[in-house]
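Report on the following structure.
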Amino acid sequence: MFRNLLVLLVSLTAIFSIAFAANAPGWPFDLTTLTAPDKSITAKFVSFGATMTELWVGDKFGNSRDIILGYDDNSKLLTDPAHPVFNPIVGRYANRIKNGTFSIPITKYPQPDGPNVFHIPTNDHDGLDTLHGGIYGWDRHNWTITAKTATSVTYKHIDAANEGFPGNVTAFATHSVESGGVLKTTVHASATELTPIMTTQHIYWNLNAFQQGSEDILNHTLRVDSAKIVATDSIQIPTGPFIEVEGTAYDFQKAREIGDNWNETVGYCGPGCQGFDNCWIYNNDESSSAEVSLWSTLSGIRLDIATNQPAVQVYTGYWLDTPRKVVHGGPSLNYTKWSAVAIEQEGYIDAINTPEWGVNQIYGPDRNFEWSSTYKFSVIH
């Protein structure tokens, strides 16, 4: 009886928490602002998708710049038909799933329909794959605030077998800021049944914030601690092998401008596309050291990223075409190709259809999912 009472109390607490959050002014587009004690960083978030909408850091001139893409009207996170995925938590399974299909246990090739075969709505490449969790992934759901301070906010989302994934998943995303120009995001998820989980934080960066005559990120310097990328077909679905980056335009083991060897990147992100939309596999465990770095000598802003994830998708935004924020010169000007670079910390893409890698992305009652990334900002002169 005590156990039943405890379950009831927990359920009522959850209901009251959700009701409180849902009644917040403007929910789910209610704005939460976090500022570090030393004022070195200010980040703004909305409950919809646990999405970051603004990120202000200092440049070498002593001014603050908003260095991420987004909307002035945050309701467009839901209504914009282009759906560029501006800075949310992406799930239940980020990136692509071949044919929108997988099995548990995982297999290389599609299996006949049965109780262990799952079909997720396709929404990419004319129905050939599922991108970022389906038509309504985690980035297009209303999360609720469960805890908040001046420097931290935690959002909760209950994924009740949405989009055809097996079992229910409860996810908590915590964003925090610290003195010294630090932003941290963590995601913890638990599942009631065996299910694939892979999340990312889909942030679009432009460290110049479209100032000083800079309109794209080709002059940004990038370093990625990775000697190989995932080989993919024409729609960015893994084929199984890896490609060594040395001697190619994929090689960012030594820091260089993104726009170097730019002509060689034609077709890298698919037919008719120029730039990157590829998955690099890290050489080492990056959780304790920042081996992904991005900086601009124009603004003097440098970003170093540490993560517990084994891979990173780098997308240089070829398909962008969305009105800019006012602070970025909008709305008369649009974010267009190469306006920003998304650096997505995540697992091996579509590992649930690539068993030869030996990567386990299936979670359940006996195995929780954890994701974390730390973004450290500094100034170079």
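Just remember, in the structure tokens the first chain shown is A, the second B, etc., residues are 1-based per chain, and ligands are 1-based in the order shown.
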
Can you list, as a PDB file with N, CA, C and O atoms, in the first residue's frame, every protein, DNA or RNA residue that comes within 6 Å of Val341 in chain A when you count only C-alpha atoms, leaving out same-chain residues fewer than 3 positions away?
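Generated output (out-v3.pdb):
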```pdb
ATOM      1  N   TYR A 204      23.704  26.024 -34.525  1.00  0.00           N
ATOM      2  CA  TYR A 204      24.312  26.672 -35.688  1.00  0.00           C
ATOM      3  C   TYR A 204      25.167  27.839 -35.203  1.00  0.00           C
ATOM      4  O   TYR A 204      24.652  28.802 -34.626  1.00  0.00           O
ATOM      5  N   TRP A 205      26.468  27.796 -35.514  1.00  0.00           N
ATOM      6  CA  TRP A 205      27.403  28.806 -35.039  1.00  0.00           C
ATOM      7  C   TRP A 205      27.801  29.773 -36.149  1.00  0.00           C
ATOM      8  O   TRP A 205      28.106  29.356 -37.273  1.00  0.00           O
ATOM      9  N   TYR A 315      27.983  20.253 -40.307  1.00  0.00           N
ATOM     10  CA  TYR A 315      27.118  20.656 -41.424  1.00  0.00           C
ATOM     11  C   TYR A 315      27.299  22.149 -41.666  1.00  0.00           C
ATOM     12  O   TYR A 315      27.079  22.967 -40.773  1.00  0.00           O
ATOM     13  N   THR A 316      27.699  22.510 -42.878  1.00  0.00           N
ATOM     14  CA  THR A 316      27.988  23.908 -43.191  1.00  0.00           C
ATOM     15  C   THR A 316      26.795  24.640 -43.804  1.00  0.00           C
ATOM     16  O   THR A 316      26.963  25.701 -44.417  1.00  0.00           O
TER      17      THR A 316
END
```

(request) Name the residues in contact with range 103-108 of chain A at a cut-off of 6 Å, using only C-alpha atoms, excluding same-chain residues fewer than 3 positions from it; report them as number ranges by chain. (result) A: 116-117, 352-354

Hey, can you spit out that residue selection with all heavy atoms as a PDB file, in the first residue's frame?
```
ATOM      1  N   ASN A 116       9.621  -7.217 -33.794  1.00  0.00           N
ATOM      2  CA  ASN A 116      10.895  -6.571 -33.485  1.00  0.00           C
ATOM      3  C   ASN A 116      11.404  -5.696 -34.626  1.00  0.00           C
ATOM      4  O   ASN A 116      12.584  -5.335 -34.658  1.00  0.00           O
ATOM      5  CB  ASN A 116      11.942  -7.621 -33.129  1.00  0.00           C
ATOM      6  CG  ASN A 116      11.577  -8.376 -31.867  1.00  0.00           C
ATOM      7  OD1 ASN A 116      11.124  -7.785 -30.891  1.00  0.00           O
ATOM      8  ND2 ASN A 116      11.757  -9.688 -31.892  1.00  0.00           N
ATOM      9  N   VAL A 117      10.520  -5.364 -35.561  1.00  0.00           N
ATOM     10  CA  VAL A 117      10.856  -4.499 -36.687  1.00  0.00           C
ATOM     11  C   VAL A 117      10.041  -3.214 -36.557  1.00  0.00           C
ATOM     12  O   VAL A 117       8.829  -3.261 -36.357  1.00  0.00           O
ATOM     13  CB  VAL A 117      10.568  -5.184 -38.030  1.00  0.00           C
ATOM     14  CG1 VAL A 117      10.870  -4.236 -39.197  1.00  0.00           C
ATOM     15  CG2 VAL A 117      11.384  -6.467 -38.169  1.00  0.00           C
ATOM     16  N   ILE A 352      22.397   1.771 -35.848  1.00  0.00           N
ATOM     17  CA  ILE A 352      21.353   0.761 -35.647  1.00  0.00           C
ATOM     18  C   ILE A 352      21.054  -0.025 -36.916  1.00  0.00           C
ATOM     19  O   ILE A 352      20.308  -1.007 -36.873  1.00  0.00           O
ATOM     20  CB  ILE A 352      20.061   1.393 -35.091  1.00  0.00           C
ATOM     21  CG1 ILE A 352      19.559   2.514 -35.998  1.00  0.00           C
ATOM     22  CG2 ILE A 352      20.295   1.898 -33.675  1.00  0.00           C
ATOM     23  CD1 ILE A 352      18.231   3.118 -35.571  1.00  0.00           C
ATOM     24  N   ASN A 353      21.642   0.382 -38.042  1.00  0.00           N
ATOM     25  CA  ASN A 353      21.550  -0.391 -39.285  1.00  0.00           C
ATOM     26  C   ASN A 353      22.934  -0.777 -39.813  1.00  0.00           C
ATOM     27  O   ASN A 353      23.072  -1.158 -40.977  1.00  0.00           O
ATOM     28  CB  ASN A 353      20.788   0.406 -40.349  1.00  0.00           C
ATOM     29  CG  ASN A 353      19.293   0.409 -40.107  1.00  0.00           C
ATOM     30  OD1 ASN A 353      18.681  -0.641 -39.933  1.00  0.00           O
ATOM     31  ND2 ASN A 353      18.695   1.597 -40.072  1.00  0.00           N
ATOM     32  N   THR A 354      23.940  -0.653 -38.945  1.00  0.00           N
ATOM     33  CA  THR A 354      25.312  -0.954 -39.356  1.00  0.00           C
ATOM     34  C   THR A 354      25.976  -1.819 -38.289  1.00  0.00           C
ATOM     35  O   THR A 354      26.876  -1.376 -37.567  1.00  0.00           O
ATOM     36  CB  THR A 354      26.108   0.357 -39.575  1.00  0.00           C
ATOM     37  OG1 THR A 354      25.290   1.331 -40.221  1.00  0.00           O
ATOM     38  CG2 THR A 354      27.348   0.109 -40.435  1.00  0.00           C
TER      39      THR A 354
END
```

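Across the structure, CA of Ile301 in chain A and CA of Ala82 in chain A are spaced 29.3 Å apart.
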
(request) Determine, counting only C-alpha atoms, which protein, DNA and RNA residues have an atom within 9 Å of an atom of Asp66 in chain A; residues of the same chain fewer than 3 positions away are not included. Present the result as a PyMOL selection string. (result) chain A and resi 54-57+69+206-209+327-328

Tell me which protein, DNA and RNA residues are within 12 Å of Gly247 in chain A, counting only C-alpha atoms, leaving out same-chain ones fewer than 6 positions away, and put them as a PDB file with C-alpha atoms, in the first residue's frame.
```
ATOM      1  CA  ALA A 227      41.443  10.837 -38.687  1.00  0.00           C
ATOM      2  CA  LYS A 228      38.386   9.300 -40.347  1.00  0.00           C
ATOM      3  CA  GLN A 253      43.372  17.479 -37.627  1.00  0.00           C
ATOM      4  CA  LYS A 254      45.473  20.614 -37.975  1.00  0.00           C
ATOM      5  CA  ASN A 261      40.187  23.666 -50.474  1.00  0.00           C
ATOM      6  CA  GLU A 264      37.085  20.116 -53.447  1.00  0.00           C
TER       7      GLU A 264
END
```

(message) as number ranges by chain, please: the residues near Thr170 in chain A (cut-off 7 Å, only C-alpha atoms, same-chain neighbours under 6 positions excluded).
(response) A: 157-159, 189-191

Saved selection, atoms kept: N, CA and C atoms, as an mmCIF file, in the first residue's frame:
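Full text of result_37.cif as output:
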```cif
data_model
loop_
_atom_site.group_PDB
_atom_site.id
_atom_site.type_symbol
_atom_site.label_atom_id
_atom_site.label_comp_id
_atom_site.auth_asym_id
_atom_site.auth_seq_id
_atom_site.Cartn_x
_atom_site.Cartn_y
_atom_site.Cartn_z
ATOM 1 N N HIS A 157 11.015 15.868 -20.915
ATOM 2 C CA HIS A 157 10.134 15.448 -22.013
ATOM 3 C C HIS A 157 9.822 13.973 -21.863
ATOM 4 N N ILE A 158 8.548 13.631 -21.983
ATOM 5 C CA ILE A 158 8.130 12.233 -21.973
ATOM 6 C C ILE A 158 7.741 11.845 -23.391
ATOM 7 N N ASP A 159 8.531 10.979 -23.973
ATOM 8 C CA ASP A 159 8.313 10.475 -25.330
ATOM 9 C C ASP A 159 7.545 9.157 -25.204
ATOM 10 N N ALA A 189 18.442 10.116 -20.244
ATOM 11 C CA ALA A 189 17.202 9.496 -20.702
ATOM 12 C C ALA A 189 17.110 8.067 -20.208
ATOM 13 N N SER A 190 15.897 7.668 -19.841
ATOM 14 C CA SER A 190 15.631 6.299 -19.428
ATOM 15 C C SER A 190 14.453 5.762 -20.228
ATOM 16 N N ALA A 191 14.458 4.460 -20.510
ATOM 17 C CA ALA A 191 13.454 3.852 -21.376
ATOM 18 C C ALA A 191 12.773 2.681 -20.696
#
```

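Nearest to Phe210 in chain A of all the residues A:Thr79, A:Asn360, A:Thr336, A:Ser373 is A:Thr336, based on only C-alpha atoms.
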
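Backbone DSSP over range 7-247 of chain A gives alpha helix (DSSP H) for Val7, Leu8, Leu9, Val10, Ser11, Leu12, Thr13, Ala14, Ile15, Phe16, Ser17, Ile18, Ala19, Phe20, Ala21, Ala22, Lys76, Leu77, Leu78 and Thr79 of chain A.
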
Please produce a file of the residues just selected, as a PDB file, in the first residue's frame, where the atoms kept are C-alpha atoms.
```pdb
ATOM      1  CA  VAL A   7       3.570   6.028  -6.946  1.00  0.00           C
ATOM      2  CA  LEU A   8       0.449   8.182  -6.647  1.00  0.00           C
ATOM      3  CA  LEU A   9       2.390  11.033  -5.026  1.00  0.00           C
ATOM      4  CA  VAL A  10       5.082  10.874  -7.692  1.00  0.00           C
ATOM      5  CA  SER A  11       2.423  10.920 -10.417  1.00  0.00           C
ATOM      6  CA  LEU A  12       0.640  13.887  -8.842  1.00  0.00           C
ATOM      7  CA  THR A  13       3.947  15.750  -8.511  1.00  0.00           C
ATOM      8  CA  ALA A  14       4.640  15.176 -12.198  1.00  0.00           C
ATOM      9  CA  ILE A  15       1.156  16.366 -13.142  1.00  0.00           C
ATOM     10  CA  PHE A  16       1.459  19.518 -11.014  1.00  0.00           C
ATOM     11  CA  SER A  17       4.921  20.184 -12.449  1.00  0.00           C
ATOM     12  CA  ILE A  18       3.634  19.881 -15.991  1.00  0.00           C
ATOM     13  CA  ALA A  19       0.585  22.001 -15.212  1.00  0.00           C
ATOM     14  CA  PHE A  20       2.776  24.703 -13.634  1.00  0.00           C
ATOM     15  CA  ALA A  21       5.116  24.751 -16.628  1.00  0.00           C
ATOM     16  CA  ALA A  22       2.241  24.706 -19.095  1.00  0.00           C
ATOM     17  CA  LYS A  76       8.510  29.691 -35.841  1.00  0.00           C
ATOM     18  CA  LEU A  77      10.441  26.798 -34.317  1.00  0.00           C
ATOM     19  CA  LEU A  78       7.127  24.988 -34.819  1.00  0.00           C
ATOM     20  CA  THR A  79       5.578  26.762 -37.793  1.00  0.00           C
TER      21      THR A  79
END
```

(request) Mind checking which residues fall within 10 Å of Gly329 in chain A, counting only C-alpha atoms, ignoring those fewer than 5 positions away in the same chain, and posting them as a PyMOL selection string? (result) chain A and resi 209-211+323-324+334-335

(request) Compile the contact shell of range 36-43 of chain A as number ranges by chain: residues with an atom at most 10 Å away, counting only C-alpha atoms, same-chain residues fewer than 6 positions apart removed. (result) A: 52-58, 64-66, 150-152, 175-183, 376-378

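Restricting the calculation to only C-alpha atoms, the smallest distance between Asp225 in chain A and any of A:Thr248, A:Asn168, A:Asn87, A:Ser293 is found for A:Ser293.
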
(message) Counting only C-alpha atoms, which residue out of A:Asp129, A:Asp260, A:Glu344, A:Asp73 sits closest to Ile89 in chain A?
(response) A:Glu344

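Interatomic distance, CA of Phe48 in chain A against CA of Ala351 in chain A: 27.7 Å.
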